[in-house]
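Working notes, structure below.
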Amino acid sequence: MKRNRYVIALAGVILHLMVGSVYAWSVFSVPIAQATTWSESSISFAFSLAIFFLGMSAAFMGRLVEKFGPHVTGTIAGIAYGAGTMLTGVAIQTDALWLLYLGYGVIGGLGLGAGYVTPVSTIIKWFPDKRGLATGLAIMGFGFAAMLTGPIAQKLIGTIGLTTTFYLLGSVYFVMMILVAQFIRKPDEQGESKSLQLANGRQFTANEAIKTRSFWYLWVMLFINITCGIGLVSAASPMAQEMTSMSATVAAFMVGILGLFNGFGRLIWATLSDYLGRPTTFTVIFLVNLVMFSSIYFLGNMYFFVLAFCLLLSCYGAGFSVIPAYLGDVFGMKELGAIHGYVLTAWAMAGIAGPVLLAYLHEQTGSYRPSLIVFIVMSVFALGLSLLIRKELATSQVKRTVV
């Protein structure tokens with residue numbers, strides 16, 4: 001049966017809108033604390049646990065995409081994320097913290113990982129001529145999800161109650177994700193062949209890819225980009241209030257604007273990478289990070305602070321959307337889903353490292369400036385790696401160099 005690639009891309013966007021709702025967790029934090037005996041830190045740990053399992057499960061879910069097809073992993077994602085969300089309602093109703101961690105953190109996190117990797121490598125194969133645009137479209141949905149879910153969840157909590165909201169949202173995720181997953185299919189053999197022809201160089205297996213220096217350069221670059229970005233996401237409002245004397249109301253408005261840049265940044269940077277090339281795009285991303293972190297450190301102007309944060313959040317989103325196409329350029333399309341899954345383990349590590357590092361340094365020093373210094377140093381290192389991998393790719397094809 002002939003399939004329309006734009007329908008498949010739309011199905012991927014909808015799937016990512018569902019799983020991206022994890023970024024709306026902060027909307028639930030206070031109501032959960034009021035409805036249970038749990039501490040604020042205990043509740044926030046559920047989010048970190050979900051992100052950790054997202055990144056770790058993506059490694060093996062990427063292999064399942066290649067073996068069984070994206071419609072299968074998308075179905076698994078719908079079952080796991082829907083069930084995990086509904087179990088969160090049960091956990092709140094019974095005041096069982098362990099069930100929150102199991103339901104939202106572990107089961108929900110597994111669903112997140114499966115849902116995240118399901119459309120990306122598949123859509124790239126449908127758009128071999130526009131890889132950056134393809135991944136940008138899919139992953140943009142993940143970036144915008146919190147802006148959609150947040151207000152809806154807030155309204156539902158006020159009208160039907162907290163636990164019922166989780167039951168309702170879980171049911172919607174369950175049905176919608178399973179439904180759209182059936183539309184996400186691999187290209188037929190002819191389309192697959194065209195995709196492979198347009199890929200540069202040899203086609204690596206996932207096991208071959210992880211034995212190259214280039215894979216680990218990309219892994220560390222993604223880890224640094226996410227560590228810095230998710231650290232900012234976790235503390236954007238208090239950081240703005242402390243460093244620029246911004247009011248809480250203005251800071252909350254700024255957080256909403258950041259969501260736009262996080263979402264649109266995924267599409268714009270990824271599309272731009274089709275013209276600049278992935279190596280140059282990553283170099284520019286880390287250069288922007290370095291300049292903006294340095295500017296925030298030295299300048300206290302509120303307007304420039306907002307501008308810098310917006311650019312930093314666009315770069316944070318860019319890392320997610322550019323990396324799949326970069327992997328396709330370097331390692332080919334043969335097992336891109338599995339390779340993408342492996343590199344997303346960097347997200348699992350960074351999802352814990354970023355917020356914990358920033359919170360710890362702020363607690364110890366009473367200031368966000370030490371965190372900025374760490375982020376500046378990390379950006380310099382990542383910039384160096386982006387130049388190093390460019391040199392390696394320019395001088396020779398990726399070699400199977402065991403690291």
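Each chain in the structure tokens gets a letter, A, B and so on, in the order shown; residues start at 1 in every chain, and ligands are counted from 1 in the order they appear.
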Quick one: residues within 7 Å of A:Leu267, only C-alpha atoms, excluding same-chain residues fewer than 4 positions away - as a VMD selection string? chain A and resid 133 136 to 137 140 271
Can you tell me, as a CSV table (one decimal) with C-alpha atoms, in the first residue's frame, what residues are no more than 10 Å from A:Pro119 when counting only C-alpha atoms, ignoring any on the same chain fewer than 2 positions away?
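Listed below is the output, result_4.csv:
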chain,number,residue,atom,x,y,z
A,8,ILE,CA,3.6,9.6,8.7
A,9,ALA,CA,5.4,12.7,9.7
A,10,LEU,CA,2.2,14.1,11.2
A,11,ALA,CA,1.6,10.9,13.1
A,12,GLY,CA,5.2,11.2,14.5
A,13,VAL,CA,4.5,14.8,15.7
A,15,LEU,CA,3.1,10.8,19.2
A,16,HIS,CA,5.8,13.3,20.4
A,65,VAL,CA,12.2,-0.3,16.0
A,70,PRO,CA,7.9,1.6,14.6
A,71,HIS,CA,4.2,0.7,14.8
A,73,THR,CA,7.3,0.2,19.6
A,74,GLY,CA,4.7,3.0,19.3
A,114,ALA,CA,9.8,3.8,23.3
A,115,GLY,CA,7.7,6.8,22.1
A,116,TYR,CA,10.7,9.1,21.6
A,117,VAL,CA,12.7,6.8,19.3
A,121,SER,CA,14.7,7.2,12.5
A,122,THR,CA,11.6,6.2,10.5
A,123,ILE,CA,10.7,9.7,9.4
A,124,ILE,CA,14.4,10.3,8.3
A,134,ALA,CA,12.3,15.6,9.0
A,135,THR,CA,13.8,15.2,12.5
A,138,ALA,CA,9.1,15.1,14.7
A,139,ILE,CA,11.1,16.4,17.7
A,181,ALA,CA,1.5,4.4,16.0
A,184,ILE,CA,4.1,5.1,11.5
A,185,ARG,CA,5.6,2.5,9.1
A,186,LYS,CA,8.9,2.0,7.4
A,337,GLY,CA,17.1,3.7,15.1
Which one is closest to A:Ile210: A:Tyr104, A:Phe331, A:Phe68, A:Trp347? Count only C-alpha atoms.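 For A:Ile210, the nearest of the given residues is A:Phe331.
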Within 12 Å of stretch 156-160 of chain A using only C-alpha atoms, minus same-chain residues under 5 positions, as number ranges by chain: A: 27-32, 35, 89, 149-151, 165-169
Looking only at alpha helix (DSSP H) from DSSP on the backbone, list the matching residues of stretch 85-192 of chain A as a PyMOL selection string. chain A and resi 85-94+97-100+108-126+131-160+162-181+189-192
Extract, using only C-alpha atoms, all DNA, RNA and protein residues at most 12 Å from A:Ala346, discarding same-chain residues fewer than 5 positions from it, and format them as a PyMOL selection string. chain A and resi 51-59+215-227+319-320+323+340-341+351-354
Write out as a tab-separated table the residues of stretch 234-287 of chain A that have any atom within 9 Å of an atom of stretch 368-389 of chain A, one row each with the nearest atom pair and its distance in Å to one decimal, counting only C-alpha atoms, sorted by chain and then rising number.
residue	atom	partner	partner_atom	distance
A:Met239	CA	A:Tyr368	CA	6.8
A:Glu242	CA	A:Tyr368	CA	8.3
A:Met243	CA	A:Tyr368	CA	7.9
A:Pro279	CA	A:Ser386	CA	6.8
A:Thr280	CA	A:Ser386	CA	8.2
A:Phe282	CA	A:Ser386	CA	6.5
A:Thr283	CA	A:Ser386	CA	5.5
A:Val284	CA	A:Leu383	CA	8.5
A:Ile285	CA	A:Leu383	CA	8.5
A:Phe286	CA	A:Leu383	CA	5.4
A:Leu287	CA	A:Leu383	CA	6.6
Please provide as JSON, numbers by chain all residues within 8 Å of A:Leu232, with the sequence filter that same-chain residues fewer than 4 positions apart are discarded (counting only C-alpha atoms). {"A": [228, 236, 355]}
Write out the residues from the selection above, keeping N, CA, C and O atoms, as a tab-separated table (two decimals), in the first residue's frame.
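Below is the file that was written, part24.tsv:
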chain	number	residue	atom	x	y	z
A	228	CYS	N	23.66	21.24	30.33
A	228	CYS	CA	23.55	22.70	30.48
A	228	CYS	C	22.10	23.16	30.27
A	228	CYS	O	21.58	23.97	31.05
A	236	ALA	N	15.02	28.11	35.67
A	236	ALA	CA	14.92	29.35	34.89
A	236	ALA	C	14.29	30.50	35.69
A	236	ALA	O	14.84	31.61	35.74
A	355	PRO	N	20.24	19.20	36.56
A	355	PRO	CA	19.51	19.78	37.69
A	355	PRO	C	20.21	19.57	39.03
A	355	PRO	O	20.23	20.46	39.88
Measuring between only C-alpha atoms, which one of A:Ala248, A:Met333, A:Met18, A:Met254 shows the shortest distance to A:Cys310? A:Met254
I'd like the neighbourhood of A:Leu312 as number ranges by chain, where a residue qualifies if any of its atoms comes within 9 Å (using only C-alpha atoms), though same-chain residues fewer than 3 positions away should be ignored. A: 228-229, 232, 261-262, 285, 288-289, 292-293, 307-309, 315-317
Take the residues just selected and output them with N, CA and C atoms as a tab-separated table (two decimals), in the first residue's frame.
chain	number	residue	atom	x	y	z
A	228	CYS	N	23.66	21.24	30.33
A	228	CYS	CA	23.55	22.70	30.48
A	228	CYS	C	22.10	23.16	30.27
A	229	GLY	N	21.46	22.63	29.23
A	229	GLY	CA	20.11	23.07	28.90
A	229	GLY	C	19.08	22.68	29.93
A	232	LEU	N	19.26	24.69	33.07
A	232	LEU	CA	18.58	25.98	32.94
A	232	LEU	C	17.07	25.82	33.04
A	261	PHE	N	10.87	28.99	22.21
A	261	PHE	CA	12.21	28.88	21.62
A	261	PHE	C	12.72	27.44	21.66
A	262	ASN	N	12.37	26.73	22.72
A	262	ASN	CA	12.76	25.31	22.83
A	262	ASN	C	12.10	24.51	21.70
A	285	ILE	N	26.22	25.96	17.41
A	285	ILE	CA	25.41	25.79	18.63
A	285	ILE	C	26.26	25.98	19.88
A	288	VAL	N	27.40	29.62	20.28
A	288	VAL	CA	26.32	30.43	20.84
A	288	VAL	C	26.18	30.17	22.34
A	289	ASN	N	26.23	28.90	22.75
A	289	ASN	CA	26.16	28.57	24.18
A	289	ASN	C	27.25	29.27	24.97
A	292	MET	N	26.61	33.09	25.15
A	292	MET	CA	25.44	33.44	25.96
A	292	MET	C	25.67	33.16	27.45
A	293	PHE	N	26.29	32.04	27.79
A	293	PHE	CA	26.60	31.76	29.20
A	293	PHE	C	27.54	32.83	29.76
A	307	LEU	N	16.98	37.42	26.42
A	307	LEU	CA	17.44	37.09	25.06
A	307	LEU	C	18.42	35.93	25.10
A	308	ALA	N	19.38	35.99	26.04
A	308	ALA	CA	20.38	34.93	26.16
A	308	ALA	C	19.73	33.59	26.50
A	309	PHE	N	18.78	33.62	27.42
A	309	PHE	CA	18.09	32.39	27.80
A	309	PHE	C	17.31	31.79	26.62
A	315	CYS	N	19.15	26.35	21.47
A	315	CYS	CA	20.29	25.46	21.26
A	315	CYS	C	20.08	24.13	21.98
A	316	TYR	N	19.45	24.19	23.15
A	316	TYR	CA	19.13	22.97	23.89
A	316	TYR	C	18.21	22.07	23.06
A	317	GLY	N	17.17	22.65	22.51
A	317	GLY	CA	16.27	21.88	21.65
A	317	GLY	C	16.95	21.40	20.39
Hey, what's within 6 Å of A:Ala318 if we count only C-alpha atoms and toss same-chain stuff fewer than 3 positions away? As a ChimeraX atom specification, please? /A:265-266,269,315,321-322
Using N, CA and C atoms, can you write the selected residues to a file as a compact mmCIF listing (two decimals), in the first residue's frame?
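Writing done, so here's result_4.txt:
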# COMPACT_ATOMS: atom_id res chain seq x y z
N GLY A 265 13.14 26.10 18.12
CA GLY A 265 14.58 25.89 17.94
C GLY A 265 14.88 24.53 17.35
N ARG A 266 14.09 23.53 17.74
CA ARG A 266 14.29 22.17 17.23
C ARG A 266 14.08 22.12 15.72
N TRP A 269 16.84 24.99 13.80
CA TRP A 269 18.23 24.54 13.76
C TRP A 269 18.38 23.29 12.89
N CYS A 315 19.15 26.35 21.47
CA CYS A 315 20.29 25.46 21.26
C CYS A 315 20.08 24.13 21.98
N SER A 321 17.23 17.61 17.96
CA SER A 321 16.73 17.47 16.59
C SER A 321 17.84 17.28 15.56
N VAL A 322 19.02 17.80 15.83
CA VAL A 322 20.12 17.70 14.85
C VAL A 322 20.86 16.36 14.98
Among listed residues A:Leu290, A:Ala394, A:Met147, A:Leu97, nearest A:Glu40 (using only C-alpha atoms):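 Of A:Leu290, A:Ala394, A:Met147, A:Leu97, the one nearest A:Glu40, counting only C-alpha atoms, is A:Leu97.
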From A:Ser21, A:Gln203, A:Gly161, A:Ile152, residue lying nearest A:Lys334 [only C-alpha atoms]: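 Selected residue with least distance to A:Lys334: A:Gln203.
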Distance in Å - atom CA of A:Gly170 versus atom CA of A:Ala33: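 Computing it gives 20.0 Å between the two atoms.
In this structure, atom CA of A:Val180 sits 7.3 Å away from atom CA of A:Ile14.
For the pair atom CA of A:Ser41 and atom CA of A:Met349, the interatomic distance is 18.7 Å.
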